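Q: Got a structure here, written out as structure tokens. Questions coming.
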Amino acid sequence: MKGRASLLRLMLAFAAALWLVPVTSVMAQPADESEKEIERYRAMIGDPMSNPGFLNVDRGEALWKVARGTKNVTLEGCDLGEGPGKLEGAYAKLPRYFKDTDQVMDLEQRLLWCMQNVQGLDTADVIKRKFAGPGRTSDMEDLVGYIANKSSGMKIDPQVSHPKEKEMLALGEAMFFYRAGVSDYSCATCHAEPGKRIRLQGLPDLSKPGKQAQETMGSWPTYRVSQSNLRTMQHRMWDCFRQARFPAPDYGAPGVTALTVYLTSLAKGGELVVPSIKR
Amino acid sequence: MKRLLLSAVAFAAIGLAPAVAQSPAKVDRALLEATIKSTFKSAPPEWQARAQQDETQRICSETRNSPSTADFEKIKAREIATIVYPPDGNVMGDWKKGESVAQVGTGHQFSDKPGGRIGGNCYACHQLAKKEVSYGTLGPSLAEYGKIRKFSAEENKQAYAKIYNSHSVMPCSNMPRFGANKFLTIEQIKDVTAYLMSPDSPVNK
């Protein structure tokens with residue numbers, strides 16, 4: 001029974017992928033045509049039958065509620081900013097400052113911290129499986145899918161009032177424009193002007209507040225059809241650092257959180273529709 | 001040379017002006033460097049070194065690619081000094097090999113296998129041969145680049161210099177310094193120069 005349902009989902013996802021291709025180049029299309037595409041796309045995102053990202057959401061829910069670690073407790077004692085175990089709207093306000101660590105953390109950093117400190121779980125294996133691959137699921141992608149989905153339909157609400165949040169925002173902006181490496185690239189090389197593309201791939205302008213930043217940040221985590229996996233912002237940053245010819249960033253590193261704080265601040269008021277589905 | 005200089009100044013004045021409008025937030029340099037270090041701390045040492053900036057990268061980043069006039073001249077002089085011309089003075093290689101230099105987008109990524117192909121990925125940012133429809137728009141169109149420049153020997157040399165080190169012509173250009181950063185070899189730069197400048201190349205058809 002379960003096998004048949006997931007096969008159906010896969011087939012639908014494949015069909016979706018075929019007409020999804022134009023959606024990613026939406027920026028280069030005439031407005032009314034692309035709006036129709038977007039509407040169809042949005043209808044599909046929310047449909048668990050055609051978005052395989054909801055398999056991650058289901059697995060993430062199970063992981064959230066399973067007792068693990070030396071303390072043999074669930075993650076329900078984890079405070080993601082709204083109080084222990086409170087998931088509704090938590091993702092819409094992340095990254096944010098946490099008093100117990102005196103640090104600004106994104107969802108993935110926070111989850112790792114809770115695994116270590118609430119559950120007493122050795123996270124080495126979890127970090128090894130940070131990105132799912134053939135025959136290997138990722139607890140983190142599943143959990144992020146589940147938790148982010150609890151903020152779906154809500155507005156992105158950047159937390160930038162605490163001095164440490166302000167500091168991370170400024171750091172993230174500096175990192176966005178930080179050129180280095182053998183290609184002299186920074187994020188801004190590819191994402192600082194509207195309407196640009198690399199080869200035929202449209203590039204969002206992530207250098208200023210507005211619609212492009214809102215639509216981008218409102219769509220992660222996302223099921224990547226080309227990778228057959230749900231991906232989180234940590235993966236997106238990892239992939240862009242790769243293209244920028246930077247070294248691979250550590251999972252949950254402060255610089256990735258800083259960039260996410262910066263990008264989130266540009267997306268203020270954007271609607272989260274997650275997990276989404278993309279090329 | 002004068003034309004290039006003028007266009008470089010015009011670019012600085014017009015093309016890059018919007019970047020200045022958003023004044024960079026003040027960030028403590030030591031904190032930024034510490035954050036960069038800890039973000040890549042598990043990478044091999046030679047990779048970690050790549051995340052450190054040279055002086056040109058630092059100034060271009062801090063000024064959002066709009067350096068002061070004094071810095072503009074300083075960068076230009078420094079970057080011109082890096083250019084190594086082929087020992088025999090011939091900057092024109094094999095345009096057919098140059099085509100693959102322009103097409104190939106792999107190389108120098110942490111995901112690349114050692115010994116894999118390394119290309120300049122010019123098509124990521126530029127239109128070149130008109131028959132190739134898959135091109136990006138981060139840089140200007142280079143269609144008929146050699147033809148427009150009348151296939152002159154002096155222009156060939158300038159194209160080589162531009163590819164070897166884009167900042168030698170246009171400080172804080174978004175284009176990689178392919179030769180100075182050892183992204184491409186001198187042979188590859190000669191080949192892609194020929195791809196741009198040769199009358200036989202599809203770029204000039």
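Starting from 1 in every chain, residues are counted up; chains themselves are A, B, ... following the order of the structure tokens, and ligands are numbered from 1 as listed.
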Select residues of chain B: the criterion is any atom within 8 Å of an atom of chain A, counting only C-alpha atoms; output as a tab-separated table (two decimals) with all heavy atoms, in the first residue's frame.
A:
chain	number	residue	atom	x	y	z
B	24	PRO	N	27.64	50.31	2.37
B	24	PRO	CA	27.95	49.10	3.12
B	24	PRO	C	27.87	49.34	4.63
B	24	PRO	O	28.32	50.36	5.12
B	24	PRO	CB	29.40	48.80	2.73
B	24	PRO	CG	29.69	49.62	1.52
B	24	PRO	CD	28.75	50.78	1.55
B	25	ALA	N	27.25	48.38	5.34
B	25	ALA	CA	27.21	48.46	6.80
B	25	ALA	C	28.62	48.25	7.33
B	25	ALA	O	29.41	47.53	6.75
B	25	ALA	CB	26.28	47.39	7.35
B	26	LYS	N	28.92	48.93	8.43
B	26	LYS	CA	30.26	48.80	9.02
B	26	LYS	C	30.40	47.43	9.67
B	26	LYS	O	29.57	47.02	10.46
B	26	LYS	CB	30.47	49.90	10.08
B	26	LYS	CG	30.67	51.28	9.48
B	26	LYS	CD	32.16	51.55	9.20
B	26	LYS	CE	32.38	52.83	8.39
B	26	LYS	NZ	31.74	52.83	7.06
B	27	VAL	N	31.47	46.77	9.31
B	27	VAL	CA	31.72	45.48	9.91
B	27	VAL	C	33.16	45.42	10.38
B	27	VAL	O	34.07	45.88	9.69
B	27	VAL	CB	31.40	44.36	8.90
B	27	VAL	CG1	32.45	43.29	8.89
B	27	VAL	CG2	30.05	43.74	9.23
B	32	LEU	N	35.01	39.69	10.79
B	32	LEU	CA	34.73	39.11	9.47
B	32	LEU	C	35.74	38.01	9.14
B	32	LEU	O	35.37	36.91	8.74
B	32	LEU	CB	34.76	40.20	8.39
B	32	LEU	CG	34.60	39.73	6.94
B	32	LEU	CD1	33.25	39.04	6.72
B	32	LEU	CD2	34.73	40.91	5.96
B	35	THR	N	35.16	34.95	11.22
B	35	THR	CA	33.97	34.21	10.77
B	35	THR	C	34.29	33.40	9.52
B	35	THR	O	33.88	32.24	9.41
B	35	THR	CB	32.80	35.19	10.48
B	35	THR	OG1	32.60	36.00	11.64
B	35	THR	CG2	31.53	34.44	10.17
B	36	ILE	N	35.01	34.01	8.59
B	36	ILE	CA	35.41	33.29	7.37
B	36	ILE	C	36.24	32.06	7.76
B	36	ILE	O	35.98	30.95	7.29
B	36	ILE	CB	36.23	34.22	6.44
B	36	ILE	CG1	35.35	35.35	5.90
B	36	ILE	CG2	36.89	33.43	5.31
B	36	ILE	CD1	34.43	35.00	4.76
B	38	SER	N	36.34	30.33	10.58
B	38	SER	CA	35.64	29.23	11.24
B	38	SER	C	34.59	28.60	10.32
B	38	SER	O	34.23	27.45	10.51
B	38	SER	CB	35.04	29.67	12.57
B	38	SER	OG	33.94	30.52	12.35
B	39	THR	N	34.13	29.35	9.32
B	39	THR	CA	33.15	28.79	8.39
B	39	THR	C	33.76	27.68	7.53
B	39	THR	O	33.09	26.73	7.16
B	39	THR	CB	32.56	29.92	7.52
B	39	THR	OG1	31.85	30.82	8.37
B	39	THR	CG2	31.62	29.38	6.45
B	40	PHE	N	35.05	27.82	7.23
B	40	PHE	CA	35.70	26.84	6.34
B	40	PHE	C	36.75	26.01	7.08
B	40	PHE	O	37.66	25.46	6.47
B	40	PHE	CB	36.33	27.57	5.14
B	40	PHE	CG	35.33	28.39	4.36
B	40	PHE	CD1	35.32	29.78	4.44
B	40	PHE	CD2	34.38	27.77	3.58
B	40	PHE	CE1	34.39	30.54	3.74
B	40	PHE	CE2	33.43	28.52	2.87
B	40	PHE	CZ	33.44	29.90	2.96
B	41	LYS	N	36.62	25.91	8.42
B	41	LYS	CA	37.72	25.35	9.20
B	41	LYS	C	38.01	23.87	8.95
B	41	LYS	O	39.10	23.40	9.24
B	41	LYS	CB	37.53	25.63	10.69
B	41	LYS	CG	36.38	24.90	11.36
B	41	LYS	CD	36.38	25.23	12.85
B	41	LYS	CE	35.37	24.43	13.64
B	41	LYS	NZ	34.00	24.47	13.15
B	42	SER	N	37.06	23.12	8.38
B	42	SER	CA	37.34	21.71	8.11
B	42	SER	C	37.91	21.47	6.72
B	42	SER	O	38.22	20.34	6.36
B	42	SER	CB	36.07	20.87	8.27
B	42	SER	OG	35.52	21.08	9.54
B	43	ALA	N	38.02	22.52	5.92
B	43	ALA	CA	38.55	22.36	4.56
B	43	ALA	C	40.07	22.15	4.63
B	43	ALA	O	40.72	22.60	5.58
B	43	ALA	CB	38.21	23.58	3.72
B	47	TRP	N	42.80	24.88	0.59
B	47	TRP	CA	41.47	25.43	0.29
B	47	TRP	C	41.15	26.58	1.23
B	47	TRP	O	40.55	27.58	0.83
B	47	TRP	CB	40.41	24.34	0.39
B	47	TRP	CG	40.28	23.58	-0.88
B	47	TRP	CD1	40.94	22.43	-1.22
B	47	TRP	CD2	39.47	23.93	-2.02
B	47	TRP	NE1	40.57	22.05	-2.48
B	47	TRP	CE2	39.67	22.94	-3.00
B	47	TRP	CE3	38.59	24.97	-2.28
B	47	TRP	CZ2	39.03	22.97	-4.24
B	47	TRP	CZ3	37.94	25.01	-3.51
B	47	TRP	CH2	38.17	24.02	-4.48
B	48	GLN	N	41.52	26.43	2.50
B	48	GLN	CA	41.27	27.51	3.46
B	48	GLN	C	41.97	28.79	3.01
B	48	GLN	O	41.43	29.89	3.15
B	48	GLN	CB	41.77	27.11	4.84
B	48	GLN	CG	40.90	26.08	5.50
B	48	GLN	CD	41.24	25.89	6.97
B	48	GLN	OE1	41.54	26.84	7.67
B	48	GLN	NE2	41.20	24.65	7.41
B	50	ARG	N	42.38	29.83	0.10
B	50	ARG	CA	41.63	30.48	-0.97
B	50	ARG	C	40.55	31.42	-0.45
B	50	ARG	O	40.10	32.31	-1.17
B	50	ARG	CB	40.90	29.43	-1.82
B	50	ARG	CG	41.81	28.64	-2.69
B	50	ARG	CD	40.94	27.98	-3.71
B	50	ARG	NE	41.64	26.92	-4.41
B	50	ARG	CZ	41.09	26.20	-5.37
B	50	ARG	NH1	39.84	26.42	-5.70
B	50	ARG	NH2	41.77	25.28	-5.98
B	51	ALA	N	40.10	31.18	0.77
B	51	ALA	CA	39.05	32.04	1.33
B	51	ALA	C	39.61	33.35	1.86
B	51	ALA	O	38.86	34.24	2.25
B	51	ALA	CB	38.28	31.29	2.42
B	52	GLN	N	40.94	33.47	1.88
B	52	GLN	CA	41.57	34.73	2.30
B	52	GLN	C	41.63	35.67	1.09
B	52	GLN	O	41.86	35.23	-0.02
B	52	GLN	CB	42.99	34.48	2.80
B	52	GLN	CG	43.08	33.46	3.93
B	52	GLN	CD	42.27	33.88	5.12
B	52	GLN	OE1	42.38	34.99	5.59
B	52	GLN	NE2	41.41	32.97	5.61
B	53	GLN	N	41.47	36.97	1.36
B	53	GLN	CA	41.47	37.93	0.25
B	53	GLN	C	42.84	38.51	-0.02
B	53	GLN	O	43.62	38.71	0.90
B	53	GLN	CB	40.52	39.10	0.57
B	53	GLN	CG	39.07	38.70	0.65
B	53	GLN	CD	38.18	39.88	0.98
B	53	GLN	OE1	38.49	40.67	1.86
B	53	GLN	NE2	37.07	39.99	0.28
B	54	ASP	N	43.13	38.79	-1.29
B	54	ASP	CA	44.28	39.64	-1.59
B	54	ASP	C	43.79	41.09	-1.53
B	54	ASP	O	42.60	41.35	-1.34
B	54	ASP	CB	44.95	39.26	-2.92
B	54	ASP	CG	44.11	39.58	-4.14
B	54	ASP	OD1	43.14	40.36	-4.03
B	54	ASP	OD2	44.41	39.05	-5.23
B	57	GLN	N	40.99	42.07	-4.03
B	57	GLN	CA	39.68	41.50	-3.65
B	57	GLN	C	39.08	42.25	-2.45
B	57	GLN	O	37.88	42.52	-2.41
B	57	GLN	CB	39.83	40.01	-3.30
B	57	GLN	CG	40.13	39.14	-4.51
B	57	GLN	CD	40.56	37.73	-4.12
B	57	GLN	OE1	41.12	37.52	-3.05
B	57	GLN	NE2	40.30	36.77	-5.00
B	58	ARG	N	39.96	42.61	-1.50
B	58	ARG	CA	39.47	43.31	-0.31
B	58	ARG	C	38.87	44.67	-0.66
B	58	ARG	O	37.76	45.00	-0.26
B	58	ARG	CB	40.60	43.48	0.72
B	58	ARG	CG	40.13	44.09	2.05
B	58	ARG	CD	41.25	44.29	3.05
B	58	ARG	NE	42.23	45.29	2.60
B	58	ARG	CZ	42.04	46.61	2.65
B	58	ARG	NH1	40.93	47.10	3.13
B	58	ARG	NH2	42.98	47.44	2.22
B	60	CYS	N	37.86	45.77	-3.62
B	60	CYS	CA	36.66	45.63	-4.46
B	60	CYS	C	35.44	45.24	-3.62
B	60	CYS	O	34.34	45.73	-3.83
B	60	CYS	CB	36.90	44.62	-5.58
B	60	CYS	SG	38.15	45.16	-6.77
B	61	SER	N	35.65	44.36	-2.64
B	61	SER	CA	34.53	43.93	-1.79
B	61	SER	C	34.05	45.08	-0.92
B	61	SER	O	32.85	45.36	-0.85
B	61	SER	CB	34.96	42.77	-0.88
B	61	SER	OG	35.41	41.69	-1.65
B	62	GLU	N	34.99	45.75	-0.27
B	62	GLU	CA	34.61	46.81	0.68
B	62	GLU	C	33.94	48.00	-0.02
B	62	GLU	O	33.10	48.67	0.57
B	62	GLU	CB	35.82	47.27	1.48
B	62	GLU	CG	36.24	46.22	2.50
B	62	GLU	CD	37.47	46.61	3.32
B	62	GLU	OE1	38.07	47.68	3.07
B	62	GLU	OE2	37.84	45.82	4.20
B	64	ARG	N	32.18	47.68	-2.80
B	64	ARG	CA	31.12	47.15	-3.68
B	64	ARG	C	31.49	47.38	-5.15
B	64	ARG	O	30.66	47.86	-5.94
B	64	ARG	CB	29.77	47.78	-3.37
B	64	ARG	CG	29.34	47.69	-1.91
B	64	ARG	CD	29.04	46.24	-1.52
B	64	ARG	NE	28.47	46.13	-0.19
B	64	ARG	CZ	29.15	45.73	0.89
B	64	ARG	NH1	30.43	45.40	0.80
B	64	ARG	NH2	28.54	45.62	2.05
B	108	HIS	N	38.33	23.66	-10.45
B	108	HIS	CA	38.56	24.45	-9.24
B	108	HIS	C	37.37	24.50	-8.29
B	108	HIS	O	37.28	25.38	-7.45
B	108	HIS	CB	39.00	25.88	-9.59
B	108	HIS	CG	40.19	25.96	-10.49
B	108	HIS	ND1	41.45	25.55	-10.11
B	108	HIS	CD2	40.33	26.38	-11.78
B	108	HIS	CE1	42.30	25.74	-11.11
B	108	HIS	NE2	41.64	26.23	-12.14
B	109	GLN	N	36.41	23.57	-8.44
B	109	GLN	CA	35.32	23.49	-7.46
B	109	GLN	C	35.67	22.35	-6.51
B	109	GLN	O	36.26	21.36	-6.93
B	109	GLN	CB	33.99	23.16	-8.14
B	109	GLN	CG	33.61	24.15	-9.22
B	109	GLN	CD	32.34	23.74	-9.97
B	109	GLN	OE1	31.35	24.41	-9.93
B	109	GLN	NE2	32.39	22.61	-10.65
B	110	PHE	N	35.22	22.46	-5.25
B	110	PHE	CA	35.59	21.40	-4.30
B	110	PHE	C	34.98	20.07	-4.68
B	110	PHE	O	35.42	19.03	-4.21
B	110	PHE	CB	35.29	21.80	-2.84
B	110	PHE	CG	33.85	22.09	-2.52
B	110	PHE	CD1	32.91	21.07	-2.52
B	110	PHE	CD2	33.45	23.37	-2.16
B	110	PHE	CE1	31.58	21.33	-2.20
B	110	PHE	CE2	32.12	23.64	-1.84
B	110	PHE	CZ	31.19	22.62	-1.86
B	111	SER	N	33.99	20.10	-5.57
B	111	SER	CA	33.35	18.86	-6.01
B	111	SER	C	34.05	18.23	-7.21
B	111	SER	O	33.70	17.13	-7.62
B	111	SER	CB	31.90	19.16	-6.38
B	111	SER	OG	31.85	20.21	-7.34
B	123	TYR	N	30.94	31.22	-21.59
B	123	TYR	CA	29.52	31.24	-21.97
B	123	TYR	C	28.59	31.42	-20.77
B	123	TYR	O	27.42	31.74	-20.93
B	123	TYR	CB	29.14	29.97	-22.74
B	123	TYR	CG	29.47	30.05	-24.21
B	123	TYR	CD1	30.53	29.33	-24.76
B	123	TYR	CD2	28.71	30.86	-25.06
B	123	TYR	CE1	30.84	29.41	-26.13
B	123	TYR	CE2	29.00	30.95	-26.42
B	123	TYR	CZ	30.06	30.22	-26.95
B	123	TYR	OH	30.34	30.32	-28.28
B	124	ALA	N	29.10	31.19	-19.56
B	124	ALA	CA	28.27	31.44	-18.38
B	124	ALA	C	27.85	32.90	-18.35
B	124	ALA	O	26.75	33.23	-17.91
B	124	ALA	CB	29.03	31.08	-17.10
B	125	CYS	N	28.74	33.77	-18.81
B	125	CYS	CA	28.52	35.21	-18.69
B	125	CYS	C	28.40	35.97	-20.00
B	125	CYS	O	27.90	37.09	-20.02
B	125	CYS	CB	29.66	35.84	-17.89
B	125	CYS	SG	29.84	35.17	-16.24
B	134	SER	N	22.92	29.02	-25.64
B	134	SER	CA	22.96	28.91	-24.18
B	134	SER	C	24.10	29.77	-23.63
B	134	SER	O	25.21	29.31	-23.43
B	134	SER	CB	23.15	27.44	-23.79
B	134	SER	OG	23.34	27.34	-22.39
B	135	TYR	N	23.80	31.03	-23.40
B	135	TYR	CA	24.82	31.94	-22.87
B	135	TYR	C	24.20	32.82	-21.79
B	135	TYR	O	23.01	33.08	-21.79
B	135	TYR	CB	25.42	32.80	-23.98
B	135	TYR	CG	24.43	33.72	-24.66
B	135	TYR	CD1	24.15	34.98	-24.14
B	135	TYR	CD2	23.76	33.33	-25.81
B	135	TYR	CE1	23.23	35.82	-24.74
B	135	TYR	CE2	22.82	34.15	-26.42
B	135	TYR	CZ	22.56	35.39	-25.89
B	135	TYR	OH	21.64	36.22	-26.48
B	136	GLY	N	25.05	33.27	-20.89
B	136	GLY	CA	24.58	34.11	-19.79
B	136	GLY	C	24.74	35.58	-20.09
B	136	GLY	O	25.28	35.97	-21.14
B	137	THR	N	24.26	36.41	-19.16
B	137	THR	CA	24.23	37.86	-19.41
B	137	THR	C	24.93	38.67	-18.32
B	137	THR	O	24.69	39.86	-18.19
B	137	THR	CB	22.77	38.33	-19.55
B	137	THR	OG1	22.06	37.95	-18.36
B	137	THR	CG2	22.09	37.72	-20.76
B	138	LEU	N	25.79	38.00	-17.54
B	138	LEU	CA	26.51	38.76	-16.50
B	138	LEU	C	27.58	39.67	-17.12
B	138	LEU	O	28.00	40.65	-16.52
B	138	LEU	CB	27.15	37.80	-15.48
B	138	LEU	CG	26.18	37.05	-14.55
B	138	LEU	CD1	26.88	35.93	-13.82
B	138	LEU	CD2	25.53	38.00	-13.56
B	174	ASN	N	33.81	42.17	-12.60
B	174	ASN	CA	33.26	40.92	-12.06
B	174	ASN	C	33.85	39.69	-12.73
B	174	ASN	O	33.57	38.56	-12.35
B	174	ASN	CB	31.74	40.90	-12.24
B	174	ASN	CG	31.02	41.43	-11.01
B	174	ASN	OD1	31.55	41.36	-9.90
B	174	ASN	ND2	29.84	41.96	-11.21
B	175	MET	N	34.66	39.93	-13.75
B	175	MET	CA	35.23	38.79	-14.50
B	175	MET	C	36.48	38.26	-13.79
B	175	MET	O	37.31	39.03	-13.32
B	175	MET	CB	35.58	39.29	-15.91
B	175	MET	CG	36.27	38.26	-16.77
B	175	MET	SD	36.22	38.82	-18.49
B	175	MET	CE	37.77	38.15	-19.06
B	176	PRO	N	36.61	36.93	-13.69
B	176	PRO	CA	37.78	36.35	-13.02
B	176	PRO	C	39.10	36.75	-13.68
B	176	PRO	O	39.14	36.99	-14.89
B	176	PRO	CB	37.56	34.83	-13.17
B	176	PRO	CG	36.11	34.66	-13.43
B	176	PRO	CD	35.66	35.90	-14.15
B	177	ARG	N	40.17	36.79	-12.87
B	177	ARG	CA	41.51	37.05	-13.41
B	177	ARG	C	42.13	35.69	-13.78
B	177	ARG	O	42.87	35.10	-13.01
B	177	ARG	CB	42.37	37.77	-12.36
B	177	ARG	CG	41.88	39.18	-12.00
B	177	ARG	CD	42.58	39.75	-10.79
B	177	ARG	NE	42.18	39.06	-9.56
B	177	ARG	CZ	42.69	39.30	-8.35
B	177	ARG	NH1	43.62	40.23	-8.20
B	177	ARG	NH2	42.27	38.63	-7.31
B	178	PHE	N	41.78	35.23	-14.97
B	178	PHE	CA	42.06	33.84	-15.33
B	178	PHE	C	43.54	33.45	-15.28
B	178	PHE	O	43.89	32.37	-14.87
B	178	PHE	CB	41.48	33.51	-16.71
B	178	PHE	CG	39.98	33.41	-16.71
B	178	PHE	CD1	39.20	34.42	-17.27
B	178	PHE	CD2	39.34	32.32	-16.15
B	178	PHE	CE1	37.82	34.32	-17.28
B	178	PHE	CE2	37.96	32.21	-16.15
B	178	PHE	CZ	37.19	33.22	-16.71
B	181	ASN	N	45.27	34.41	-11.49
B	181	ASN	CA	44.83	33.47	-10.44
B	181	ASN	C	45.17	32.02	-10.78
B	181	ASN	O	44.78	31.11	-10.06
B	181	ASN	CB	43.32	33.57	-10.22
B	181	ASN	CG	42.90	34.85	-9.52
B	181	ASN	OD1	43.73	35.57	-8.99
B	181	ASN	ND2	41.61	35.13	-9.51
B	182	LYS	N	45.87	31.82	-11.91
B	182	LYS	CA	46.19	30.46	-12.37
B	182	LYS	C	44.95	29.59	-12.53
B	182	LYS	O	44.98	28.37	-12.29
B	182	LYS	CB	47.22	29.80	-11.44
B	182	LYS	CG	48.52	30.60	-11.33
B	182	LYS	CD	49.68	29.72	-10.95
B	182	LYS	CE	51.04	30.33	-11.27
B	182	LYS	NZ	51.19	31.77	-10.96
B	183	PHE	N	43.87	30.21	-12.91
B	183	PHE	CA	42.65	29.45	-13.18
B	183	PHE	C	42.83	28.69	-14.49
B	183	PHE	O	42.53	27.51	-14.60
B	183	PHE	CB	41.45	30.41	-13.28
B	183	PHE	CG	40.11	29.74	-13.13
B	183	PHE	CD1	39.34	29.95	-11.99
B	183	PHE	CD2	39.60	28.91	-14.12
B	183	PHE	CE1	38.10	29.34	-11.84
B	183	PHE	CE2	38.36	28.30	-13.98
B	183	PHE	CZ	37.61	28.51	-12.83
Q: In range 79-178 of chain A, what's alpha helix (DSSP H) per DSSP? Answer as a PyMOL selection string?
A: chain A and resi 107-114+124-128+139-149+163-176
Q: Give me the residues within 12 Å of Leu94 in chain A as JSON, numbers by chain, counting only C-alpha atoms and dropping any in the same chain fewer than 5 places off.
A: {"A": [79, 80, 81, 82, 87, 89, 104, 105, 106, 107, 108, 109, 110, 111, 144, 147, 148, 151, 155, 156, 157, 158, 159, 160, 165, 217, 233, 257, 258, 260, 261, 262, 263, 264, 265, 268]}
Q: Considering only C-alpha atoms, state which residue in the set B:Glu132, B:Glu79, B:Glu55, B:Glu33 is at the smallest distance from Ser166 in chain B.
A: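 Answer, going by the shortest atom-to-atom distance: B:Glu79.
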Q: At what distance in Å, to one decimal, does CA of Thr216 in chain A lie from CA of Arg29 in chain B?
A: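 Rounded to one decimal, the two atoms are 29.0 Å apart.
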Q: From a backbone DSSP assignment, name each residue in range 63-235 of chain A labelled strand (DSSP E or B), as a VMD selection string.
A: chain A and resid 68 73 79 84 96 to 98 103 to 105 133 136 155 180 185 197 to 198 201 to 202 222 to 224 229 to 231
Q: Suppose you want the space between CA of Lys86 in chain A and CA of His162 in chain A; what is it in Å?
A: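 Value for the CA of Lys86 in chain A-CA of His162 in chain A distance: 21.3 Å.
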Q: Find the residues near range 85-97 of chain B: any atom within 10 Å, counting only C-alpha atoms, skip ones fewer than 4 places away on the same chain, and give them as a list in words.
A: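 Once the adjacent positions are removed, what remains is Val101, Ala102, Ala153, Asn156, Lys157, Gln158, Ala159, Tyr160, Ala161, Tyr164, Gly179, Ile186, Glu187, Gln188, Ile189, Lys190, Asp191, Val192, Thr193, Ala194, Tyr195, Leu196, Met197, Ser198, Pro199, Asp200, Ser201, Pro202 and Val203 of chain B.
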Q: Residues of range 77-113 of chain A within 10 Å of range 59-73 of chain A: nearest atom pair and distance (Å, one decimal) for each, counting only C-alpha atoms, sorted by chain and number, as JSON lines?
A:
{"residue": "A:Gly77", "atom": "CA", "partner": "A:Val73", "partner_atom": "CA", "distance": 8.1}
{"residue": "A:Cys78", "atom": "CA", "partner": "A:Trp64", "partner_atom": "CA", "distance": 9.5}
{"residue": "A:Gly85", "atom": "CA", "partner": "A:Trp64", "partner_atom": "CA", "distance": 9.3}
Q: Keeping only C-alpha atoms, take the residues you just selected and write them out as a PDB file, in the first residue's frame.
A:
ATOM      1  CA  GLY A  77      11.820  19.589  24.782  1.00  0.00           C
ATOM      2  CA  CYS A  78      13.732  21.619  22.186  1.00  0.00           C
ATOM      3  CA  GLY A  85       8.194  21.997  21.631  1.00  0.00           C
TER       4      GLY A  85
END
